[in-house]
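First up is the structure itself, then whatever we jot down about it.
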Amino acid sequence: MTSAQETMTSRERVLAALNGDPVDRTPVVNPTSIATVELMDMVDAPFPDANREPELMARLAECGHTELGFDSVMPVFSIIQDSSALGCKIQWEQKDNWPTVKMTEPIYDSADDIEYDIEALLAHPDTQCVTEAIRILRDRLGDDVAVIGKTMGPWSLAYHTFGVEPFLLLSLDDPEKTKEVLQRLKRITIDFGVMQVEAGADALTLPDHATGDLVSGEYYHRYLEELHQEFAEAIPAPLILHICGRTVDRMPYIANTGMAAFHYDSKNDPAESMEAVGGRIRLVGNVNNPETLFARGPEEVRAEVIQNLEAGVQMVGPECACPLQTPLENLRAIPETVREWHAIQESE
Ligand SMILES: [Zn+2]
C-alpha cells in the first residue's frame with residue numbers, strides 16, 4: 001500500500017488539528033469510546049472492570065492506537081464515572097453492555113437539593129480511576145499519542161441526577177430554576193476536567209447532551225452557549241464538545257464557544273456542517289455507528305470517511321461511542337482510508 005510521508009507524531013497531529021494548525025495528514029480521533037468486546041478479550045480487560053480499575057482501563061484504551069491505528073486514546077469509555085462519584089445509582093452491567101445511571105432513582109428533585117463535596121467527588125474511586133488511567137497512558141505512550149479525557153457537562157449531569165423527563169419538564173416550566181441547576185452542577189465539569197489535564201490529558205471531550213431529538217438550537221443558545229464559553233476559559237486544554245443527533249441548527253452557536261472542536265453526528269452532512277460552523281471551530285466525526293460501523297463493511301466505512309475528508313473535516317472518527325460488537329476491520333478501515341486518501345492527494 002502506498003502511504004504519504006508522515007512527519008508528525010500522532011500526538012502532534014491531533015494537537016495541531018485541534019488548534020487549527022497545519023497537519024501532515026488528517027488525524028484519526030476518537031473523542032468517545034472505540035472499546036469493543038473483541039478488544040476486551042484481546043488484552044483481557046473486560047467491562048465492567050475496565051471501567052473501574054485503572055490498569056484495565058488504560059490497557060483497553062491503549063488498543064485504540066496499538067491495534068486499530070487511531071492517533072488518540074480515550075480511556076473514559078462510559079458517561080457515568082462522575083455521576084457515580086456524585087452518588088447516582090449505577091447499573092455496572094457485564095462485558096457486553098454499557099454501564100448506565102439508574103434514572104428511575106433520581107437523586108435530586110430541585111435545584112436546592114444539589115449539594116456535594118467536590119473534594120470527596122474527585123477522590124471517589126470512579127473519578128480517580130480515570131485520572132490514574134490517564135497517568136498510566138501518558139507514562140506508557142510518552143509524547144507519541146494524544147491522550148483524551150472526558151468530563152460531562154451540566155446538562156448531561158442534570159439528566160443523570162434528575163432523570164431526563166423531569167429535567168426537560170423543568171426546562172420548559174422554569175428557565176430560572178433550570179439555569180440554577182446548571183450553575184450548581186458546573187463545578188463538577190470544571191474541576192474533574194482540570195484534574196484530568198493535570199494528570200496528563202492532552203484534550204478533553206465534553207459531552208453535554210442537548211441532543212437534536214430532545215431540545216432545539218434555541219435551547220442550546222439560551223441555556224448552554226455561555227456556560228460552554230466559560231468551560232473553554234476555565235479548563236486549560238482543548239475541549240471537544242460532543243452532542244448527538246441532528247445539530248446543524250446549533251452549530252453556529254457552538255462555534256461561538258471558543259472550544260477547540262465539535263464532535264458531530266452522522267445525522268449531519270459533512271459539507272453542510274462545515275458551512276454551518278464557518279471555520280470558527282474544528283469538526284471531528286462522523287462515521288455512522290449503528291448502521292455503517294456496526295452492521296456494514298469496510299467499503300461503506302471508507303465512503304463515509306472520504307466524504308468527511310472531501311468536505312475538509314479536520315479530524316475523522318466514529319460519530320459517538322461505537323457499539324461494543326463493532327467488527328475491528330471496520331474500525332481499522334478508518335485510519336487505512338485516511339492514509340490512502342492523503343497518499344492519492346500527494347501523488348496527484
Ligand atoms: Zn453521542
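Identifiers in the C-alpha cells: chain A, B, ... in order shown; residue index from 1 per chain; ligand index from 1 in order shown.
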
Given only C-alpha atoms and all ligand atoms, how would the per-residue table for chain A near ligand 1 read, listing every residue at most 10 Å away with its closest atom pair and distance in Å to one decimal, sorted by chain and number, as CSV?
residue,atom,partner,partner_atom_place_in_ligand_line,distance
A:Pro31,CA,ligand 1,1 (Zn),9.9
A:Thr32,CA,ligand 1,1 (Zn),7.9
A:Ser33,CA,ligand 1,1 (Zn),9.9
A:Ile79,CA,ligand 1,1 (Zn),9.9
A:Pro207,CA,ligand 1,1 (Zn),7.6
A:Asp208,CA,ligand 1,1 (Zn),9.1
A:His209,CA,ligand 1,1 (Zn),7.6
A:Thr211,CA,ligand 1,1 (Zn),8.3
A:His242,CA,ligand 1,1 (Zn),6.4
A:Ile243,CA,ligand 1,1 (Zn),5.7
A:Cys244,CA,ligand 1,1 (Zn),4.1
A:Gly245,CA,ligand 1,1 (Zn),7.4
A:His263,CA,ligand 1,1 (Zn),8.5
A:Tyr264,CA,ligand 1,1 (Zn),8.2
A:Asp265,CA,ligand 1,1 (Zn),7.3
A:Asn289,CA,ligand 1,1 (Zn),9.9
A:Pro318,CA,ligand 1,1 (Zn),9.8
A:Glu319,CA,ligand 1,1 (Zn),6.9
A:Cys320,CA,ligand 1,1 (Zn),4.3
A:Ala321,CA,ligand 1,1 (Zn),6.4
A:Cys322,CA,ligand 1,1 (Zn),9.2

* **Surrounding residues of Ala120 (chain A) excluding itself and chain neighbours under 2 positions, 12 Å, only C-alpha atoms, as an NGL selection string** => :A and (82 or 84-87 or 115-118 or 122-128 or 188 or 191-192)

Dump of all heavy atoms for the selected residues, as a short mmCIF file (atom, residue, chain, number, x, y, z; two decimals), in the first residue's frame:
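Once written, result-v9.cif looks like this:
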data_model
loop_
_atom_site.label_atom_id
_atom_site.label_comp_id
_atom_site.auth_asym_id
_atom_site.auth_seq_id
_atom_site.Cartn_x
_atom_site.Cartn_y
_atom_site.Cartn_z
N ASP A 82 -18.34 10.34 36.64
CA ASP A 82 -18.57 11.48 37.53
C ASP A 82 -19.94 11.37 38.23
O ASP A 82 -20.09 11.75 39.39
CB ASP A 82 -18.41 12.84 36.82
CG ASP A 82 -18.48 12.75 35.30
OD1 ASP A 82 -18.97 11.71 34.79
OD2 ASP A 82 -18.08 13.71 34.63
N SER A 84 -21.41 8.59 39.05
CA SER A 84 -21.24 7.60 40.11
C SER A 84 -20.61 8.25 41.34
O SER A 84 -21.07 8.05 42.47
CB SER A 84 -20.37 6.44 39.61
OG SER A 84 -20.07 5.56 40.67
N ALA A 85 -19.59 9.08 41.10
CA ALA A 85 -18.93 9.75 42.22
C ALA A 85 -19.85 10.73 42.93
O ALA A 85 -19.70 11.01 44.11
CB ALA A 85 -17.68 10.48 41.71
N LEU A 86 -20.84 11.24 42.19
CA LEU A 86 -21.80 12.19 42.76
C LEU A 86 -22.88 11.48 43.58
O LEU A 86 -23.59 12.10 44.35
CB LEU A 86 -22.43 12.97 41.60
CG LEU A 86 -23.35 14.15 41.86
CD1 LEU A 86 -22.71 15.18 42.78
CD2 LEU A 86 -23.73 14.80 40.54
N GLY A 87 -22.99 10.18 43.43
CA GLY A 87 -23.95 9.43 44.24
C GLY A 87 -25.09 8.80 43.46
O GLY A 87 -25.99 8.21 44.06
N GLU A 115 -26.30 19.48 46.42
CA GLU A 115 -25.19 19.77 47.33
C GLU A 115 -24.22 18.61 47.22
O GLU A 115 -24.61 17.47 47.20
CB GLU A 115 -25.69 19.86 48.77
CG GLU A 115 -26.12 21.27 49.14
CD GLU A 115 -26.57 21.36 50.58
OE1 GLU A 115 -25.94 20.69 51.44
OE2 GLU A 115 -27.55 22.07 50.84
N TYR A 116 -22.95 18.94 47.11
CA TYR A 116 -21.95 17.87 47.05
C TYR A 116 -20.63 18.40 47.56
O TYR A 116 -20.38 19.60 47.55
CB TYR A 116 -21.80 17.33 45.61
CG TYR A 116 -21.57 18.40 44.57
CD1 TYR A 116 -20.29 18.86 44.28
CD2 TYR A 116 -22.64 18.95 43.86
CE1 TYR A 116 -20.09 19.85 43.32
CE2 TYR A 116 -22.44 19.93 42.91
CZ TYR A 116 -21.17 20.38 42.64
OH TYR A 116 -20.97 21.35 41.71
N ASP A 117 -19.81 17.48 47.99
CA ASP A 117 -18.47 17.82 48.46
C ASP A 117 -17.53 17.55 47.29
O ASP A 117 -17.26 16.40 46.95
CB ASP A 117 -18.15 16.93 49.67
CG ASP A 117 -16.72 17.11 50.15
OD1 ASP A 117 -15.91 17.76 49.44
OD2 ASP A 117 -16.41 16.59 51.24
N ILE A 118 -17.05 18.61 46.66
CA ILE A 118 -16.26 18.44 45.44
C ILE A 118 -14.97 17.64 45.70
O ILE A 118 -14.55 16.85 44.86
CB ILE A 118 -15.98 19.81 44.75
CG1 ILE A 118 -15.37 19.64 43.35
CG2 ILE A 118 -15.09 20.70 45.60
CD1 ILE A 118 -16.31 19.14 42.29
N LEU A 122 -14.00 14.17 43.76
CA LEU A 122 -12.77 13.98 42.98
C LEU A 122 -11.88 12.88 43.56
O LEU A 122 -11.00 12.36 42.88
CB LEU A 122 -11.98 15.30 42.90
CG LEU A 122 -12.69 16.46 42.19
CD1 LEU A 122 -11.84 17.72 42.25
CD2 LEU A 122 -13.02 16.11 40.74
N ALA A 123 -12.12 12.53 44.83
CA ALA A 123 -11.33 11.46 45.47
C ALA A 123 -12.03 10.10 45.35
O ALA A 123 -11.48 9.09 45.76
CB ALA A 123 -11.11 11.80 46.94
N HIS A 124 -13.22 10.10 44.77
CA HIS A 124 -14.00 8.86 44.64
C HIS A 124 -13.28 7.87 43.70
O HIS A 124 -12.68 8.28 42.71
CB HIS A 124 -15.38 9.22 44.08
CG HIS A 124 -16.36 8.09 44.09
ND1 HIS A 124 -16.36 7.10 43.12
CD2 HIS A 124 -17.38 7.79 44.94
CE1 HIS A 124 -17.34 6.26 43.38
NE2 HIS A 124 -17.97 6.64 44.48
N PRO A 125 -13.36 6.56 43.99
CA PRO A 125 -12.67 5.57 43.13
C PRO A 125 -13.05 5.67 41.65
O PRO A 125 -12.20 5.42 40.79
CB PRO A 125 -13.13 4.23 43.70
CG PRO A 125 -13.50 4.50 45.11
CD PRO A 125 -13.98 5.93 45.17
N ASP A 126 -14.28 6.06 41.31
CA ASP A 126 -14.68 6.08 39.90
C ASP A 126 -14.20 7.33 39.15
O ASP A 126 -14.15 7.32 37.92
CB ASP A 126 -16.21 5.91 39.77
CG ASP A 126 -16.62 4.50 40.15
OD1 ASP A 126 -15.86 3.56 39.82
OD2 ASP A 126 -17.67 4.33 40.79
N THR A 127 -13.87 8.41 39.87
CA THR A 127 -13.22 9.54 39.20
C THR A 127 -11.70 9.35 39.25
O THR A 127 -11.00 9.65 38.28
CB THR A 127 -13.62 10.90 39.84
OG1 THR A 127 -13.63 10.76 41.27
CG2 THR A 127 -15.00 11.33 39.38
N GLN A 128 -11.22 8.83 40.36
CA GLN A 128 -9.78 8.56 40.48
C GLN A 128 -9.31 7.53 39.45
O GLN A 128 -8.18 7.60 38.96
CB GLN A 128 -9.44 8.05 41.90
CG GLN A 128 -9.31 9.17 42.92
CD GLN A 128 -8.11 10.07 42.62
OE1 GLN A 128 -7.02 9.62 42.28
NE2 GLN A 128 -8.31 11.38 42.74
N ILE A 188 -18.49 20.57 38.86
CA ILE A 188 -18.06 19.18 38.63
C ILE A 188 -17.37 19.10 37.27
O ILE A 188 -16.29 18.51 37.13
CB ILE A 188 -19.26 18.22 38.67
CG1 ILE A 188 -19.95 18.31 40.04
CG2 ILE A 188 -18.83 16.78 38.36
CD1 ILE A 188 -21.29 17.59 40.11
N ASP A 191 -13.89 21.08 37.56
CA ASP A 191 -12.84 20.52 38.44
C ASP A 191 -12.42 19.11 38.02
O ASP A 191 -11.25 18.77 38.10
CB ASP A 191 -13.31 20.54 39.90
CG ASP A 191 -13.33 21.96 40.46
OD1 ASP A 191 -13.16 22.92 39.68
OD2 ASP A 191 -13.52 22.12 41.68
N PHE A 192 -13.36 18.31 37.57
CA PHE A 192 -12.99 16.96 37.11
C PHE A 192 -12.14 17.09 35.83
O PHE A 192 -11.17 16.36 35.63
CB PHE A 192 -14.25 16.12 36.86
CG PHE A 192 -13.98 14.66 36.53
CD1 PHE A 192 -12.94 13.96 37.11
CD2 PHE A 192 -14.81 13.99 35.62
CE1 PHE A 192 -12.71 12.62 36.80
CE2 PHE A 192 -14.58 12.65 35.31
CZ PHE A 192 -13.53 11.97 35.90
#

* Considering only C-alpha atoms, return as a ChimeraX atom specification whatever protein or nucleic-acid residues lie within 10 Å of Leu68 (chain A), sequence-local ones (same chain, fewer than 5 positions apart) excluded. => /A:34,39,62-63,328-336

* What lies within 12 Å of Glu230 (chain A) using only C-alpha atoms, ignoring chain neighbours under 6 positions off, as a VMD selection string? -> chain A and resid 153 183 186 to 187 189 to 190 224 236 239 256 to 259

* Asked: Nearest to Leu324 (chain A) among A:Ile344, A:Leu15, A:Ala295, A:Cys129, with distances taken over only C-alpha atoms: which residue is it?
  -> A:Ala295

* Asked: Within 8 Å of region 49-55 of chain A, counting only C-alpha atoms, which residues qualify if same-chain residues fewer than 6 places away don't, as an NGL selection string?
  -> :A and (76-78 or 125-126 or 129-130 or 132-133 or 136)

Atoms kept (C-alpha atoms) for selection, written as a short mmCIF file (atom, residue, chain, number, x, y, z; two decimals), in the first residue's frame:
data_model
loop_
_atom_site.label_atom_id
_atom_site.label_comp_id
_atom_site.auth_asym_id
_atom_site.auth_seq_id
_atom_site.Cartn_x
_atom_site.Cartn_y
_atom_site.Cartn_z
CA VAL A 76 -13.27 7.14 29.60
CA PHE A 77 -15.48 4.68 27.76
CA SER A 78 -18.71 5.49 29.59
CA PRO A 125 -12.67 5.57 43.13
CA ASP A 126 -14.68 6.08 39.90
CA CYS A 129 -9.84 5.56 38.14
CA VAL A 130 -9.97 7.99 35.20
CA GLU A 132 -5.00 7.13 37.26
CA ALA A 133 -5.62 5.58 33.81
CA ILE A 136 -0.63 5.28 33.12
#

* To do: Find the distance between CA of Gly69 (chain A) and CA of Ala237 (chain A) and write it in Å to one decimal.
  =>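 So the two atoms, CA of Gly69 (chain A) and CA of Ala237 (chain A), lie 23.6 Å apart.
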
* Who sits within 10 Å of Glu12 (chain A), only C-alpha atoms, same chain under 3 positions skipped, as number ranges by chain -> A: 7-9, 15-18, 23-24, 27, 71, 143-146

* Could you state the separation of CA of Pro48 (chain A) and CA of Gly149 (chain A) in Å, given to one decimal place? ->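 Interatomic distance, CA of Pro48 (chain A) to CA of Gly149 (chain A): 18.6 Å.
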
* In terms of the shortest atom-to-atom distance over only C-alpha atoms, which of A:Thr104, A:Thr131, A:Gln307, A:Thr326 is closest to Phe294 (chain A)? ->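 Smallest separation from Phe294 (chain A) among the options: A:Thr326.
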
* To do: One decimal, Å: what's the distance from CA of Val29 (chain A) over to CA of Asn286 (chain A), could you say?
  => 10.6 Å
